[in-house]
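Next up, model37.txt (compact mmCIF, C-alpha atoms):
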```
# COMPACT_ATOMS: atom_id res chain seq x y z
CA MET P 253 113.88 116.31 125.72
CA THR P 254 112.08 119.53 124.80
CA THR P 255 109.70 120.57 122.06
CA TYR P 256 110.52 123.18 119.42
CA GLU P 257 108.18 125.62 121.18
CA PRO P 258 109.03 125.33 124.88
CA GLN P 259 105.47 125.84 126.17
CA TYR P 260 104.55 122.42 124.75
CA SER P 261 107.16 120.65 126.87
CA THR P 262 104.45 120.20 129.48
CA SER P 263 103.08 117.43 127.22
CA ILE P 264 106.30 115.51 127.74
CA GLU P 265 106.32 116.20 131.47
CA LEU P 266 102.74 114.93 131.84
CA SER P 267 103.43 111.76 129.85
CA GLU P 268 106.46 111.02 132.03
CA ARG P 269 104.59 111.71 135.27
CA VAL P 270 101.22 110.06 134.52
CA GLY P 271 101.82 107.97 131.40
CA PHE P 272 99.61 107.67 128.34
CA ALA P 273 95.83 107.29 128.54
CA ARG P 274 94.32 104.33 126.74
CA LEU P 275 90.95 103.74 125.15
CA GLY P 276 88.41 101.33 126.58
CA LEU P 277 87.06 98.22 124.87
CA MET P 278 84.26 99.92 122.93
CA SER P 279 86.00 103.26 122.37
CA ASN P 280 89.04 101.39 121.05
CA GLN P 281 86.91 99.52 118.53
CA THR P 282 85.21 102.75 117.46
CA TRP P 283 88.56 104.53 117.02
CA LEU P 284 89.95 101.70 114.90
CA GLU P 285 86.86 101.06 112.76
CA ASP P 286 85.12 104.45 112.48
CA PRO P 287 87.11 107.28 114.13
CA SER P 288 84.56 109.97 113.22
CA ARG P 289 81.96 108.17 115.28
CA LEU P 290 84.12 108.61 118.38
CA LEU P 291 83.79 112.37 117.88
CA TYR P 292 79.99 112.04 117.78
CA VAL P 293 79.95 109.94 120.96
CA LEU P 294 82.14 112.44 122.80
CA SER P 295 79.85 115.25 121.62
CA ARG P 296 76.84 113.47 123.14
CA TYR P 297 78.61 113.36 126.48
CA LYS P 298 79.56 117.01 126.17
CA PHE P 299 75.87 117.87 125.78
CA VAL P 300 75.06 115.91 128.93
CA SER P 301 77.90 117.58 130.81
CA ARG P 302 76.53 121.03 129.99
CA MET P 303 72.97 120.13 130.90
CA LEU P 304 74.05 118.65 134.25
CA GLN P 305 76.88 121.03 135.12
CA GLY P 306 77.12 121.54 138.87
CA PHE P 307 74.70 118.72 139.78
CA ASP P 308 75.55 116.93 143.00
CA ARG P 309 74.85 113.19 142.65
CA VAL P 310 74.74 111.94 139.06
CA LEU P 311 74.32 108.38 137.78
CA GLU P 312 75.02 106.99 134.32
CA VAL P 313 73.00 103.93 133.33
CA GLY P 314 74.82 101.77 130.78
CA CYS P 315 78.27 103.36 130.84
CA ALA P 316 80.01 100.58 128.84
CA ASP P 317 83.78 101.18 129.08
CA GLY P 318 83.31 104.61 130.71
CA PHE P 319 85.73 106.36 128.37
CA ALA P 320 83.47 109.28 127.37
CA SER P 321 82.03 109.56 130.89
CA ARG P 322 85.16 111.48 131.86
CA ILE P 323 83.61 114.54 130.16
CA VAL P 324 80.59 114.46 132.47
CA ALA P 325 82.69 113.74 135.56
CA ASP P 326 84.60 116.95 134.92
CA LYS P 327 81.40 119.03 135.29
CA VAL P 328 79.44 117.36 138.11
CA ARG P 329 80.24 117.02 141.79
CA SER P 330 80.02 113.23 141.94
CA LEU P 331 79.42 110.57 139.30
CA THR P 332 78.48 106.92 139.56
CA LEU P 333 78.99 104.69 136.53
CA SER P 334 76.83 101.60 136.19
CA ASP P 335 76.39 98.83 133.67
CA ALA P 336 74.76 95.41 133.65
CA ASP P 337 77.94 93.92 132.15
CA ARG P 338 80.65 93.26 134.75
CA LEU P 339 83.31 93.09 132.02
CA PHE P 340 82.65 96.72 131.05
CA ILE P 341 82.75 97.94 134.65
CA GLU P 342 86.07 96.19 135.19
CA ASP P 343 87.40 97.82 132.03
CA ALA P 344 86.14 101.23 133.19
CA ARG P 345 87.90 100.82 136.54
CA ARG P 346 91.20 100.10 134.77
CA LEU P 347 90.77 103.13 132.52
CA TRP P 348 90.20 105.57 135.35
CA VAL P 349 93.09 104.26 137.45
CA ASN P 350 95.35 104.62 134.43
CA TRP P 351 94.30 108.24 133.94
CA GLY P 352 95.45 109.29 137.39
CA VAL P 353 92.32 111.43 138.04
CA PRO P 354 89.70 111.20 140.82
CA THR P 355 87.63 108.13 140.13
CA PRO P 356 83.83 107.86 140.20
CA SER P 357 81.90 105.11 141.93
CA PHE P 358 81.28 101.95 139.91
CA LEU P 359 78.27 99.63 140.04
CA VAL P 360 77.37 96.40 138.29
CA HIS P 361 73.59 96.70 138.16
CA ASP P 362 70.80 95.54 135.87
CA VAL P 363 68.18 98.28 135.93
CA LEU P 364 65.61 95.85 134.53
CA ALA P 365 65.95 93.80 137.71
CA SER P 366 65.48 96.53 140.33
CA PRO P 367 65.89 100.24 141.12
CA TYR P 368 69.24 101.45 142.46
CA ALA P 369 69.87 101.41 146.20
CA SER P 370 70.61 105.16 146.23
CA ARG P 371 68.71 108.14 144.86
CA TYR P 372 70.27 110.65 142.46
CA ASP P 373 69.79 114.27 141.49
CA ALA P 374 70.28 113.39 137.82
CA ILE P 375 70.48 110.21 135.77
CA PHE P 376 71.49 109.83 132.15
CA ALA P 377 71.49 106.91 129.72
CA LEU P 378 72.99 107.26 126.25
CA ASP P 379 72.53 104.55 123.63
CA VAL P 380 70.72 102.27 126.08
CA LEU P 381 66.96 102.56 125.58
CA GLU P 382 67.10 101.35 121.98
CA HIS P 383 68.47 98.05 123.33
CA ILE P 384 65.53 97.59 125.73
CA PRO P 385 62.65 95.54 124.26
CA LEU P 386 59.41 97.51 124.09
CA GLU P 387 57.68 95.15 126.51
CA GLN P 388 60.37 95.89 129.14
CA GLU P 389 60.50 99.64 128.56
CA HIS P 390 58.07 100.45 131.39
CA VAL P 391 60.15 98.47 133.91
CA PHE P 392 63.31 100.20 132.70
CA VAL P 393 61.93 103.71 133.16
CA THR P 394 60.01 102.96 136.36
CA ASN P 395 63.14 101.61 138.07
CA ILE P 396 65.06 104.69 136.98
CA VAL P 397 62.34 107.02 138.28
CA GLN P 398 62.34 105.19 141.61
CA SER P 399 66.09 105.90 141.81
CA MET P 400 65.63 109.67 141.42
CA GLU P 401 65.14 112.48 143.89
CA ARG P 402 61.81 114.31 143.73
CA ASN P 403 62.94 117.16 141.43
CA ALA P 404 65.57 115.20 139.53
CA THR P 405 66.51 115.32 135.85
CA LEU P 406 66.80 112.45 133.38
CA ILE P 407 68.60 112.65 130.03
CA VAL P 408 68.09 109.84 127.52
CA GLY P 409 69.85 109.69 124.17
CA MET P 410 69.19 107.27 121.32
CA PRO P 411 69.41 106.94 117.52
CA SER P 412 66.20 108.02 115.81
CA ALA P 413 63.94 105.51 114.10
CA GLU P 414 64.63 107.35 110.83
CA SER P 415 68.37 106.78 111.19
CA GLN P 416 68.06 103.01 111.12
CA ARG P 417 67.92 102.79 107.34
CA TYR P 418 71.59 103.89 107.43
CA ALA P 419 72.68 101.79 110.43
CA SER P 420 75.18 98.95 110.14
CA PRO P 421 73.97 95.34 110.42
CA ARG P 422 75.69 95.04 113.80
CA SER P 423 73.88 98.12 115.12
CA LYS P 424 70.52 96.96 113.81
CA GLU P 425 70.97 93.64 115.60
CA GLY P 426 70.92 95.37 118.98
CA HIS P 427 68.57 98.26 118.17
CA VAL P 428 65.17 96.82 118.99
CA ASN P 429 63.39 99.95 120.26
CA CYS P 430 64.28 103.08 118.29
CA LYS P 431 61.70 105.88 118.24
CA SER P 432 60.76 108.85 116.10
CA GLY P 433 60.97 112.29 117.71
CA LEU P 434 57.30 112.60 118.62
CA GLN P 435 57.17 109.04 119.95
CA PHE P 436 60.19 109.81 122.11
CA LEU P 437 58.60 113.00 123.43
CA GLU P 438 55.35 111.19 124.28
CA PHE P 439 57.38 108.51 126.02
CA GLY P 440 59.05 111.12 128.25
CA ARG P 441 55.79 112.89 129.10
CA ARG P 442 54.26 109.65 130.39
CA TYR P 443 56.74 109.59 133.25
CA PHE P 444 57.78 113.24 133.77
CA LYS P 445 55.96 116.53 134.19
CA ASN P 446 58.26 118.17 131.63
CA ALA P 447 60.17 116.70 128.70
CA PHE P 448 62.24 118.56 126.09
CA LEU P 449 63.30 117.06 122.77
CA HIS P 450 66.57 117.87 120.96
CA GLY P 451 67.94 116.49 117.72
CA MET P 452 71.55 115.79 116.79
CA ASN P 453 73.31 115.34 113.47
CA ASP P 454 76.96 114.40 113.72
CA GLU P 455 78.24 116.58 116.60
CA VAL P 456 75.63 119.35 116.23
CA VAL P 457 72.69 119.51 118.68
CA HIS P 458 69.60 121.35 117.41
CA THR P 459 65.86 121.82 117.73
CA GLY P 460 65.12 121.26 114.06
CA TYR P 461 62.70 118.91 112.34
CA PRO P 462 62.91 115.64 114.36
CA ALA P 463 62.50 113.36 111.35
CA MET P 464 65.76 114.72 109.94
CA ALA P 465 67.70 114.11 113.17
CA HIS P 466 70.03 111.13 113.20
CA TYR P 467 70.15 111.10 117.02
CA LEU P 468 67.67 112.27 119.67
CA PHE P 469 68.03 113.65 123.19
CA LEU P 470 65.20 113.81 125.69
CA VAL P 471 65.71 116.00 128.76
CA CYS P 472 63.08 115.13 131.39
CA VAL P 473 62.44 117.05 134.60
CA ASN P 474 60.32 116.28 137.68
CA PRO P 475 59.25 112.62 137.76
CA LYS P 476 55.51 112.08 138.11
```

Would you mind writing the file's structure down as structure tokens?
Amino acid sequence: MTTYEPQYSTSIELSERVGFARLGLMSNQTWLEDPSRLLYVLSRYKFVSRMLQGFDRVLEVGCADGFASRIVADKVRSLTLSDADRLFIEDARRLWVNWGVPTPSFLVHDVLASPYASRYDAIFALDVLEHIPLEQEHVFVTNIVQSMERNATLIVGMPSAESQRYASPRSKEGHVNCKSGLQFLEFGRRYFKNAFLHGMNDEVVHTGYPAMAHYLFLVCVNPK
């Protein structure tokens, strides 16, 4: 079997040799219910991959099914995926084995319970902090900082407080700690010597007016 243009026959060869990749539990739901949102999620991971390109030991906190994490893994030297939910880690393991690519390390770990056993050059957490109650926020960040090397980088991404008027009821149920841009920046500067705020609308990252950003990134450098 060949394609009309022969250079595309490699698609057939790859499918026969490796098989077809599948989506994970959360990415599958997103693709079926709101496919545009999957593009936005992948774009968030692309931003992280560019910020951390070439880093040695990188950890993701709250990886869920690990589908989008493949983008970061392609740019860093080693990646560890962690989540408090064992079901998601098991799903992530199955995904990566199915893809036939070098697999990261996997950890079931609740960062609210303790720091990680290893230290990392960079840590990132996308769509996690907004699920952490405000009264547990300090424990969350402190345990992350204690898991970082001295000059490490942290990237945190979350929906802005302003975006919540447009959020679905299911999202609002879990979003208990969204922040405005300036609140987010102050949060980062409490724990790091340097913190840099970026906004995001759909798949576009920018440095525009934070109150008009649907999503926020905080890039933090040098833990205090």

Subject >> Between atom CA of P:Pro354 and atom CA of P:Leu381 - distance in Å to one decimal >> reply: 28.7 Å

Original post:
Using all atoms listed in the file, which of P:Leu378, P:Ala419, P:Val428, P:Ala404 sits nearest P:His466?
Top reply: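 Counting all atoms listed in the file, the residue closest to P:His466 is P:Ala419.
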
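Compared by their closest atoms to P:Leu359, and using all atoms listed in the file, the residues P:Val324, P:Leu406, P:Ala316, P:Ala447 rank with P:Ala316 nearest.
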
**OP:** For P:Val293, list every protein, DNA or RNA residue within 10 Å, evaluated using all atoms listed in the file, and leave out those in the same chain fewer than 5 positions away; present the list as number ranges by chain.
**Re:** P: 279, 282, 288, 298, 320, 378-379, 454-455

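Counting all atoms listed in the file, the residue from P:Thr254, P:Gln435, P:Ser370, P:Asn453 that sits nearest to P:Arg289 is P:Asn453.
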
**OP:** Could you please determine the separation between atom CA of P:Val471 and atom CA of P:Val328 in Å, to one decimal place?
**Re:** 16.7 Å

Subject >> Between atom CA of P:Phe376 and atom CA of P:Lys445 - distance in Å to one decimal >> reply: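 Calculated distance between atom CA of P:Lys445 and atom CA of P:Phe376 is 17.0 Å.
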
Original post:
Which protein, DNA or RNA residues have an atom at most 12 Å from (66.6, 103.2, 113.1), counting all atoms listed in the file? List them as a ChimeraX atom specification.
Top reply: /P:382-383,410-421,423-433,463-468

Original post:
For P:Ser295, which of P:Glu389, P:Ser321, P:Val353, P:Asn280 is the closest residue, counting all atoms listed in the file?
Top reply: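 Selected residue with least distance to P:Ser295: P:Ser321.
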
Subject >> Neighbour list for P:Asp337 as a VMD selection string, cut-off 12 Å, all atoms listed in the file, skip fewer than 5 positions in-chain >> reply: chain P and resid 313 to 317 342 to 344 358 to 363

**OP:** Compare P:Phe319, P:Tyr256, P:Leu347, P:Gln388 by their minimum atom-to-atom distance to P:Ala365, counting only C-alpha atoms, and give me the closest one.
**Re:**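 Checking each of P:Phe319, P:Tyr256, P:Leu347, P:Gln388 against P:Ala365, counting only C-alpha atoms, the winner is P:Gln388.
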
For P:Ser399, work out the shell of residues within 6 Å, counting all atoms listed in the file and skipping chain neighbours fewer than 4 positions away, then give it as a PDB file with C-alpha atoms, keeping the file's coordinate frame.
```
ATOM      1  CA  PRO P 367      65.890 100.240 141.120  1.00  0.00           C
ATOM      2  CA  TYR P 368      69.240 101.450 142.460  1.00  0.00           C
ATOM      3  CA  ARG P 371      68.710 108.140 144.860  1.00  0.00           C
TER       4      ARG P 371
END
```

Original post:
Between P:Thr355, P:Leu331, P:Leu434, P:Ile396, which is the closest to P:Tyr461 once you count only C-alpha atoms?
Top reply: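 The answer is P:Leu434, which sits nearest to P:Tyr461.
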
**OP:** Would you list the residues near (69.4, 111.9, 126.2), meaning any protein, DNA or RNA residue with an atom at most 6 Å from that point in file coordinates, counting only C-alpha atoms, as number ranges by chain?
**Re:** P: 378, 407-409, 469-470

Taking all atoms of stretch 405-414 of chain P that the file lists, what box with edges along x, y and z, padded by 5 Å per side, do you get, with centre and edge lengths in Å to one decimal, as JSON?
```
{"center_x": 66.9, "center_y": 110.4, "center_z": 123.3, "size_x": 15.9, "size_y": 19.8, "size_z": 35.0}
```
